[in-house]
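Before any comments, here is the structure.
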Amino acid sequence: MTASALAPGECRIWWADPRHRTVDHLSAVLSEPELERAARFRREPDRRRFLTGSWLLRLAAGAELDIRPEDVVVERNCPDCTRHHGKPYIGGVDTPLHVSVSHSGNRVAVALTTEGPLGVDVESVPSAPVEELARCALTDTERKVLEALPEAERYEAFARTWVRKEAALKATGHGLRISPDRVEVSGPEESPALLSWPLEISPGTVRIHTLDPGDGYVGVVAVLTETRHITISEAHVTDLHLPVAPTVREAA
């Protein structure tokens with residue numbers, strides 16, 4: 001059994017660009033189930049994002065556990081089928097190492113913490129009207145807030161609202177099996193917070209923190225914990241083997 005180097009209350013985010021590494025390099029440390037899943041993607045960009053996320057998860061978890069990426073035990077159990085997908089879990093550790101993966105466009109994120117279950121989500125800001133998406137994904141209150149904004153501001157505002165919902169649902173492992181219009185979050189110009197959802201987990205125990213994925217993207221991480229203060233650190237992986245030192249900041 002191994003132990004993570006993460007301190008209590010610390011959450012670390014790693015970023016990578018799926019264009020920066022060859023498929024052979026990404027595949028070298030992956031398991032057979034991961035490679036089989038990658039092969040099912042029809043579009044090359046989708047395959048690269050999945051491969052990069054799986055590679056980055058192993059690299060980041062291996063760095064925390066001081067083991068080789070290929071030796072990290074990644075388990076994925078779907079409650080609806082037997083395929084190798086769903087929320088990832090790290091096996092063979094003394095203290096649970098909670099992880100989450102997200103990707104959109106040219107951004108791939110992996111989040112890790114020992115504090116509690118977590119979900120990370122990154123999305124590219126839409127370039128097309130979001131009214132139809134809003135009808136499916138937002139509550140009545142959220143739609144009214146969105147419609148009150150100038151049209152040019154609605155694209156990013158919708159994305160900011162969406163990532164808060166998805167990150168919270170990913171933290172519990174439910175994902176979009178719960179309709180996002182049953183989850184209500186704070187307004188896009190307000191500090192991120194979960195206001196209500198149809199789960200017995202108190203919204204007050206879901207800590208949502210804004211991330212910095214770069215221009216044209218929005219992202220958050222949600223951690224299920226009673227702890228009021230979580231230390232968030234973000235780092236971009238620029239070396240193929242060794243992680244760069246993250247820039248640390250305090251999040252309330």
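For the structure tokens, the naming scheme is as follows: chains receive sequential letters (A, B, ...) according to their order of presentation, residues are indexed from 1 within each chain, and ligands are indexed from 1 in presentation order.
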Please, which residues in region 105-175 of chain A fall within 10 Å of region 228-236 of chain A when counting only C-alpha atoms, and what is the closest atom pair and distance in Å to one decimal for each, ordered by chain then residue number, as CSV?
residue,atom,partner,partner_atom,distance
A:Val108,CA,A:His236,CA,9.8
A:Ala109,CA,A:His236,CA,9.2
A:Val110,CA,A:Glu234,CA,9.8
A:Ala111,CA,A:Glu234,CA,9.0
A:Thr113,CA,A:Ile232,CA,9.6
A:Glu115,CA,A:Ile230,CA,8.6
Show me a table, sorted first by chain and then by increasing residue number, of the residues of region 111-156 of chain A having an atom at most 7 Å from region 201-220 of chain A, each with its shortest atom pair and the distance in Å to one decimal, counting only C-alpha atoms and written as JSON lines.
{"residue": "A:Val120", "atom": "CA", "partner": "A:Val220", "partner_atom": "CA", "distance": 5.9}
{"residue": "A:Asp121", "atom": "CA", "partner": "A:Gly219", "partner_atom": "CA", "distance": 5.5}
{"residue": "A:Val122", "atom": "CA", "partner": "A:Gly219", "partner_atom": "CA", "distance": 4.1}
{"residue": "A:Glu123", "atom": "CA", "partner": "A:Val218", "partner_atom": "CA", "distance": 5.6}
{"residue": "A:Ser124", "atom": "CA", "partner": "A:Tyr217", "partner_atom": "CA", "distance": 4.3}
{"residue": "A:Val125", "atom": "CA", "partner": "A:Tyr217", "partner_atom": "CA", "distance": 5.4}
Practice task
Find the residues near Gly119 (chain A): any atom within 6 Å, counting only C-alpha atoms, skip ones fewer than 6 places away on the same chain, and give them as an MDAnalysis selection string.
Solution key: chainID A and resid 100 167 170:171 221:222
Practice task
Give me the residues within 10 Å of Arg21 (chain A) as a count of residues only, counting only C-alpha atoms and dropping any in the same chain fewer than 5 places off.
Solution key: 6
Handout entry: alpha helix (DSSP H) positions in region 2-245 of chain A, given as JSON, numbers by chain
Key = {"A": [23, 24, 25, 26, 27, 32, 33, 34, 35, 36, 37, 38, 39, 44, 45, 46, 47, 48, 49, 50, 51, 52, 53, 54, 55, 56, 57, 58, 59, 60, 61, 62, 63, 64, 65, 131, 132, 133, 134, 135, 136, 137, 140, 141, 142, 143, 144, 145, 146, 147, 151, 152, 153, 154, 155, 156, 157, 158, 159, 160, 161, 162, 163, 164, 165, 166, 167, 168, 169, 170, 171, 172]}
Exercise for the section: Would you kindly return, as a list in words, each protein, DNA or RNA residue with an atom no farther than 12 Å from any atom of Asp46 (chain A), considering only C-alpha atoms and excluding same-chain residues fewer than 6 positions away? Expected result: Pro18, Arg19, Arg37, Ala38, Ala39, Arg40, Thr52, Gly53, His103, Ser104, Gly105, Asn106, Arg107 and Val108 of chain A
Write the residues you've just listed into a file as a short mmCIF file (atom, residue, chain, number, x, y, z; two decimals), in the first residue's frame, and include all heavy atoms for each of them.
data_model
loop_
_atom_site.label_atom_id
_atom_site.label_comp_id
_atom_site.auth_asym_id
_atom_site.auth_seq_id
_atom_site.Cartn_x
_atom_site.Cartn_y
_atom_site.Cartn_z
N PRO A 18 -3.92 18.18 -25.31
CA PRO A 18 -3.91 16.88 -26.00
C PRO A 18 -3.13 16.89 -27.32
O PRO A 18 -2.89 15.82 -27.89
CB PRO A 18 -5.40 16.60 -26.26
CG PRO A 18 -6.05 17.95 -26.24
CD PRO A 18 -5.27 18.75 -25.24
N ARG A 19 -2.71 18.06 -27.79
CA ARG A 19 -1.96 18.14 -29.05
C ARG A 19 -0.46 17.97 -28.86
O ARG A 19 0.28 17.86 -29.85
CB ARG A 19 -2.22 19.50 -29.72
CG ARG A 19 -3.69 19.78 -30.01
CD ARG A 19 -3.89 21.23 -30.42
NE ARG A 19 -3.54 22.15 -29.34
CZ ARG A 19 -3.64 23.48 -29.41
NH1 ARG A 19 -4.05 24.03 -30.54
NH2 ARG A 19 -3.30 24.23 -28.38
N ARG A 37 -10.94 1.16 -24.79
CA ARG A 37 -11.92 2.24 -24.83
C ARG A 37 -11.48 3.33 -25.81
O ARG A 37 -12.29 3.86 -26.56
CB ARG A 37 -12.11 2.84 -23.43
CG ARG A 37 -13.18 3.93 -23.39
CD ARG A 37 -13.38 4.48 -22.01
NE ARG A 37 -14.26 5.63 -22.04
CZ ARG A 37 -14.47 6.44 -21.01
NH1 ARG A 37 -13.86 6.20 -19.85
NH2 ARG A 37 -15.29 7.47 -21.11
N ALA A 38 -10.20 3.66 -25.80
CA ALA A 38 -9.69 4.68 -26.71
C ALA A 38 -9.93 4.29 -28.17
O ALA A 38 -10.25 5.14 -29.01
CB ALA A 38 -8.20 4.90 -26.46
N ALA A 39 -9.79 3.02 -28.47
CA ALA A 39 -9.95 2.55 -29.84
C ALA A 39 -11.38 2.69 -30.34
O ALA A 39 -11.62 2.70 -31.56
CB ALA A 39 -9.50 1.09 -29.94
N ARG A 40 -12.33 2.82 -29.43
CA ARG A 40 -13.73 2.93 -29.84
C ARG A 40 -14.11 4.34 -30.28
O ARG A 40 -15.19 4.54 -30.85
CB ARG A 40 -14.65 2.46 -28.70
CG ARG A 40 -14.60 0.95 -28.46
CD ARG A 40 -15.77 0.49 -27.62
NE ARG A 40 -15.70 0.97 -26.26
CZ ARG A 40 -15.13 0.31 -25.25
NH1 ARG A 40 -14.57 -0.88 -25.49
NH2 ARG A 40 -15.10 0.81 -24.04
N THR A 52 -5.09 11.53 -23.40
CA THR A 52 -4.36 12.50 -22.58
C THR A 52 -4.88 12.53 -21.15
O THR A 52 -4.11 12.59 -20.20
CB THR A 52 -4.45 13.91 -23.21
OG1 THR A 52 -3.94 13.87 -24.54
CG2 THR A 52 -3.67 14.92 -22.40
N GLY A 53 -6.21 12.46 -20.99
CA GLY A 53 -6.77 12.43 -19.65
C GLY A 53 -6.34 11.20 -18.87
O GLY A 53 -5.99 11.28 -17.68
N HIS A 103 -12.17 17.11 -19.87
CA HIS A 103 -11.49 17.66 -21.05
C HIS A 103 -12.50 18.32 -21.97
O HIS A 103 -13.66 17.92 -22.08
CB HIS A 103 -10.71 16.57 -21.81
CG HIS A 103 -11.39 15.25 -21.90
ND1 HIS A 103 -12.50 15.02 -22.69
CD2 HIS A 103 -11.11 14.08 -21.28
CE1 HIS A 103 -12.85 13.74 -22.57
NE2 HIS A 103 -12.04 13.16 -21.72
N SER A 104 -12.03 19.35 -22.64
CA SER A 104 -12.83 20.08 -23.62
C SER A 104 -11.88 20.83 -24.54
O SER A 104 -10.95 21.48 -24.07
CB SER A 104 -13.77 21.08 -22.91
OG SER A 104 -14.53 21.82 -23.86
N GLY A 105 -12.10 20.73 -25.84
CA GLY A 105 -11.23 21.42 -26.77
C GLY A 105 -9.78 21.02 -26.58
O GLY A 105 -9.44 19.84 -26.62
N ASN A 106 -8.93 22.00 -26.31
CA ASN A 106 -7.50 21.74 -26.10
C ASN A 106 -7.10 21.81 -24.63
O ASN A 106 -5.95 22.07 -24.31
CB ASN A 106 -6.66 22.74 -26.91
CG ASN A 106 -6.85 22.55 -28.40
OD1 ASN A 106 -6.99 21.43 -28.87
ND2 ASN A 106 -6.87 23.65 -29.14
N ARG A 107 -8.04 21.56 -23.74
CA ARG A 107 -7.76 21.54 -22.31
C ARG A 107 -8.12 20.18 -21.73
O ARG A 107 -9.22 19.67 -21.96
CB ARG A 107 -8.55 22.63 -21.58
CG ARG A 107 -8.26 24.05 -22.03
CD ARG A 107 -6.86 24.49 -21.64
NE ARG A 107 -6.66 25.90 -21.92
CZ ARG A 107 -6.30 26.40 -23.08
NH1 ARG A 107 -6.08 25.59 -24.11
NH2 ARG A 107 -6.15 27.70 -23.24
N VAL A 108 -7.20 19.63 -20.97
CA VAL A 108 -7.45 18.40 -20.22
C VAL A 108 -7.06 18.68 -18.77
O VAL A 108 -5.98 19.22 -18.51
CB VAL A 108 -6.62 17.21 -20.76
CG1 VAL A 108 -6.82 15.98 -19.89
CG2 VAL A 108 -7.01 16.91 -22.20
#
Practice task
Enumerate the residues of region 15-251 of chain A with a DSSP assignment of strand (DSSP E or B), computed from the backbone, and present them as number ranges by chain.
Solution key: A: 15-16, 73-76, 88-91, 93, 98-104, 107-113, 118-124, 184-185, 194-196, 206-210, 217-224, 230-236, 247-251
Practice task
Can you work out the spacing between CA of Trp55 (chain A) and CA of His25 (chain A) in Å, to one decimal?
Solution key: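 Pair CA of Trp55 (chain A) / CA of His25 (chain A) returns 9.0 Å.
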Practice task
Would you mind telling me which residue in A:Glu64, A:Asp24, A:Glu75, A:Glu32 lies nearest to Leu6 (chain A) when using only C-alpha atoms?
Solution key: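 Nearest candidate to Leu6 (chain A) out of A:Glu64, A:Asp24, A:Glu75, A:Glu32: A:Glu64.
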Handout entry: Exercise: Ile178 (chain A) partners within 10 Å, only C-alpha atoms, chain neighbours under 6 positions left out, as an MDAnalysis selection string
Key = chainID A and resid 166 169 197:199
